[in-house]
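Each remark here refers to the structure printed beneath this line.
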Amino acid sequence: MWDTRVVGAEHVPDDGPVLLAANHTGLLDGPILLGVAPRGAHILVKEQMFVGPVGWVLRAAGQVPVDRDGGRAALTTGLGVLRRGDVVGIFPEGNRGRGDAAGARAGIAWLALNGGAPVVPVAVLGTRRTGESVNHLPGLRRRLHVEFGPPVTVERAPGRTGREALADANETVRAALTAVVARAVASSGIELPTDDPLRERGH
């Protein structure tokens with residue numbers, strides 16, 4: 001349906017637990033990530049999407065609902081997926097916005113530290129352009145670009161508290177994601193949107 005180019009899929013390990021950390025600009029990011037990942041993945045999706053036919057499809061595909069109150073149940077489910085040796089996809093930014101990975105929530109760092117999983121940063125470009133709603137579906141044959149970066153590993157360094165280790169891991173993941181997004185923009189010529197509709201509306 002879309003003109004999607006996938007780069008770097010070989011960076012996803014063939015087996016064992018893996019976290020996919022993707023930037024987030026639009027509604028289509030999750031389905032695109034799920035569709036192009038070289039291994040089946042369980043993606044953390046906000047629970048509001050789990051209604052009606054869409055919700056049935058998400059549950060049938062093994063996706064994980066995340067509530068607005070911190071997503072502890074989702075993190076526990078995600079940890080179980082990693083301990084089975086499977087793949088979890090997560091959008092560290094939390095909400096759809098500019099997709100520049102300027103900020104990241106600590107859930108993925110917690111999963112990486114406790115699940116012993118490498119984190120593969122993923123840039124998803126083209127699903128939303130400046131001025132489009134975060135719920136906008138891109139037109140048919142729009143050019144999309146998905147780029148997987150080299151995996152990064154995080155662990156608790158000696159002498160660091162649990163909170164410090166979590167902050168360190170979160171910054172490592174955020175920096176890796178920022179880097180792969182910048183490379184993808186440069187190589188594809190597809191720019192990130194310059195607006196952040198949810199933040200601008202105070203959400």
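Within each chain, counting starts at residue 1; across the structure tokens, chains are named A, B, ... in the order shown, with ligands numbered 1 upward in that order.
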
task = Can you check which residues of region 108-190 of chain A DSSP gives as strand (DSSP E or B) on the backbone and send them as a list in words?
result = Val119, Val120, Pro121, Val122, Ala123, Val124, Leu125, Arg143, Leu144, His145, Val146, Glu147, Phe148 and Val152 of chain A

message = Would you pick out the contacts of Arg84 (chain A) at 10 Å or less, using only C-alpha atoms, so that residues sharing its chain but fewer than 6 positions from it are not included, and give the list as a ChimeraX atom specification?
response = /A:16-17,78,115

Using the selection just defined, write its residues with all heavy atoms as an mmCIF file, in the first residue's frame.
data_model
loop_
_atom_site.group_PDB
_atom_site.id
_atom_site.type_symbol
_atom_site.label_atom_id
_atom_site.label_comp_id
_atom_site.auth_asym_id
_atom_site.auth_seq_id
_atom_site.Cartn_x
_atom_site.Cartn_y
_atom_site.Cartn_z
ATOM 1 N N GLY A 16 16.783 -15.002 20.445
ATOM 2 C CA GLY A 16 16.952 -14.410 21.760
ATOM 3 C C GLY A 16 16.110 -13.164 21.934
ATOM 4 O O GLY A 16 15.543 -12.638 20.970
ATOM 5 N N PRO A 17 16.027 -12.677 23.171
ATOM 6 C CA PRO A 17 15.197 -11.498 23.450
ATOM 7 C C PRO A 17 15.753 -10.247 22.783
ATOM 8 O O PRO A 17 16.970 -10.033 22.753
ATOM 9 C CB PRO A 17 15.250 -11.378 24.984
ATOM 10 C CG PRO A 17 16.559 -12.021 25.355
ATOM 11 C CD PRO A 17 16.735 -13.150 24.378
ATOM 12 N N GLY A 78 5.569 -7.396 28.885
ATOM 13 C CA GLY A 78 6.720 -7.288 27.994
ATOM 14 C C GLY A 78 7.923 -8.050 28.509
ATOM 15 O O GLY A 78 8.647 -8.702 27.742
ATOM 16 N N GLY A 115 15.312 -7.523 31.399
ATOM 17 C CA GLY A 115 15.102 -8.619 30.454
ATOM 18 C C GLY A 115 16.363 -9.091 29.776
ATOM 19 O O GLY A 115 16.335 -10.059 29.011
#

query = Which one is closest to Asn135 (chain A): A:Asp29, A:Glu10, A:Asp15, A:Glu147? Count only C-alpha atoms.
reply =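 The shortest atom-to-atom distance to Asn135 (chain A) comes from A:Asp29.
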
task = Within 12 Å of region 136-144 of chain A, counting only C-alpha atoms, which residues show up once you throw out same-chain ones fewer than 3 positions away? Write them as an MDAnalysis selection string, please.
result = chainID A and resid 1:7 25:29 31:33 36 96 123:133 147 184:185 188:192 197

request  = Apply DSSP to the backbone of this structure and, from region 23-201 of chain A, keep only the residues in alpha helix (DSSP H); write these as a VMD selection string.
outcome  = chain A and resid 29 to 36 52 to 60 72 to 83 107 to 115 162 to 188 197 to 200

request  = Would you mind listing what lies within 6 Å of region 91-93 of chain A as a list in words, with only C-alpha atoms counted and same-chain residues fewer than 4 positions away left out?
outcome  = Ala21, Ala22, Asn23, Gly103, Ala104 and Arg105 of chain A

Can you write just those residues out, N, CA and C atoms, as a JSON list (two decimals), in the first residue's frame?
[["chain", "number", "residue", "atom", "x", "y", "z"],
["A", 21, "ALA", "N", 13.24, -0.22, 19.61],
["A", 21, "ALA", "CA", 12.90, 1.11, 20.12],
["A", 21, "ALA", "C", 12.71, 2.04, 18.94],
["A", 22, "ALA", "N", 11.48, 2.44, 18.65],
["A", 22, "ALA", "CA", 11.19, 3.24, 17.46],
["A", 22, "ALA", "C", 10.73, 4.65, 17.82],
["A", 23, "ASN", "N", 11.03, 5.60, 16.95],
["A", 23, "ASN", "CA", 10.48, 6.95, 17.11],
["A", 23, "ASN", "C", 9.00, 6.93, 16.71],
["A", 103, "GLY", "N", 13.13, 13.17, 23.89],
["A", 103, "GLY", "CA", 12.87, 12.65, 25.22],
["A", 103, "GLY", "C", 12.48, 11.19, 25.14],
["A", 104, "ALA", "N", 12.65, 10.48, 26.24],
["A", 104, "ALA", "CA", 12.30, 9.06, 26.26],
["A", 104, "ALA", "C", 11.84, 8.67, 27.65],
["A", 105, "ARG", "N", 10.78, 7.89, 27.72],
["A", 105, "ARG", "CA", 10.33, 7.37, 29.00],
["A", 105, "ARG", "C", 11.17, 6.16, 29.38]]

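When the distance limit is 12 Å and only C-alpha atoms are what count, the residues near Ala179 (chain A), minus those fewer than 2 positions from it on the same chain, are A:Ala22, A:Asn23, A:Asp100, A:Ala101, A:Ala102, A:Val120, A:Pro121, A:Val122, A:Ala123, A:Glu147, A:Phe148, A:Gly149, A:Pro150, A:Thr172, A:Val173, A:Arg174, A:Ala175, A:Ala176, A:Leu177, A:Val181, A:Ala182, A:Arg183, A:Ala184, A:Val185, A:Ala186.
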
Could the residues in this selection be saved with C-alpha atoms as an mmCIF file, in the first residue's frame?
data_model
loop_
_atom_site.group_PDB
_atom_site.id
_atom_site.type_symbol
_atom_site.label_atom_id
_atom_site.label_comp_id
_atom_site.auth_asym_id
_atom_site.auth_seq_id
_atom_site.Cartn_x
_atom_site.Cartn_y
_atom_site.Cartn_z
ATOM 1 C CA ALA A 22 11.194 3.241 17.465
ATOM 2 C CA ASN A 23 10.479 6.950 17.107
ATOM 3 C CA ASP A 100 13.092 13.279 17.029
ATOM 4 C CA ALA A 101 13.607 11.224 20.222
ATOM 5 C CA ALA A 102 14.381 14.373 22.194
ATOM 6 C CA VAL A 120 17.722 -2.087 18.343
ATOM 7 C CA PRO A 121 16.876 1.569 17.568
ATOM 8 C CA VAL A 122 14.468 2.017 14.670
ATOM 9 C CA ALA A 123 13.681 5.151 12.640
ATOM 10 C CA GLU A 147 15.902 2.048 9.276
ATOM 11 C CA PHE A 148 17.190 -0.370 11.924
ATOM 12 C CA GLY A 149 20.379 0.696 13.701
ATOM 13 C CA PRO A 150 23.044 -1.416 15.398
ATOM 14 C CA THR A 172 21.948 5.309 26.093
ATOM 15 C CA VAL A 173 18.778 4.167 24.320
ATOM 16 C CA ARG A 174 17.600 7.724 23.616
ATOM 17 C CA ALA A 175 20.972 8.704 22.139
ATOM 18 C CA ALA A 176 21.062 5.597 19.923
ATOM 19 C CA LEU A 177 17.545 6.298 18.680
ATOM 20 C CA VAL A 181 16.739 8.882 13.170
ATOM 21 C CA ALA A 182 19.254 11.547 12.096
ATOM 22 C CA ARG A 183 21.011 9.076 9.778
ATOM 23 C CA ALA A 184 17.721 7.949 8.279
ATOM 24 C CA VAL A 185 16.596 11.527 7.604
ATOM 25 C CA ALA A 186 19.922 12.304 5.937
#

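Minimum atom-to-atom distance to Val134 (chain A), evaluated using only C-alpha atoms, belongs to A:His24 out of A:His11, A:His24, A:Arg59, A:Lys46.
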
query = When you draw a straight line from CA of Val88 (chain A) to CA of His42 (chain A), how long is it in Å?
reply =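 The value is 4.8 Å.
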
request  = Determine the nearest neighbour of Gln48 (chain A) from the options A:Ala61, A:Leu166, A:Ala112, A:Val66, counting only C-alpha atoms.
outcome  =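 Using only C-alpha atoms, the shortest distance to Gln48 (chain A) belongs to A:Val66.
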
inquiry  = Neighbouring residues of Ala74 (chain A) were defined as those with any atom within 10 Å, considering only C-alpha atoms; residues of the same chain fewer than 3 positions away were excluded. Please report them as a PyMOL selection string.
reply    = chain A and resi 43-47+63-67+70-71+77-80+107

ask   = Out of A:Gly97, A:Gly62, A:Arg163, A:Ile108, which residue has the shortest atom-to-atom distance to Pro193 (chain A) when counting only C-alpha atoms?
value = A:Gly97

inquiry  = What does the structure give for the distance between CA of Ser187 (chain A) and CA of Gly8 (chain A), in Å to one decimal?
reply    = 12.5 Å

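Candidate residues A:Val51, A:Leu34, A:Leu20, A:Val81 were compared for distance to Ala109 (chain A), and the nearest is A:Leu20, using only C-alpha atoms.
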
ask   = Rounded to one decimal in Å, what is the spacing between CA of Ile90 (chain A) and CA of Pro158 (chain A)?
value = 27.4 Å

remark   = Nearest to Val146 (chain A), restricted to only C-alpha atoms and choosing among A:Gly52, A:Gly30, A:Gly94, A:Gly159, comes out as A:Gly30
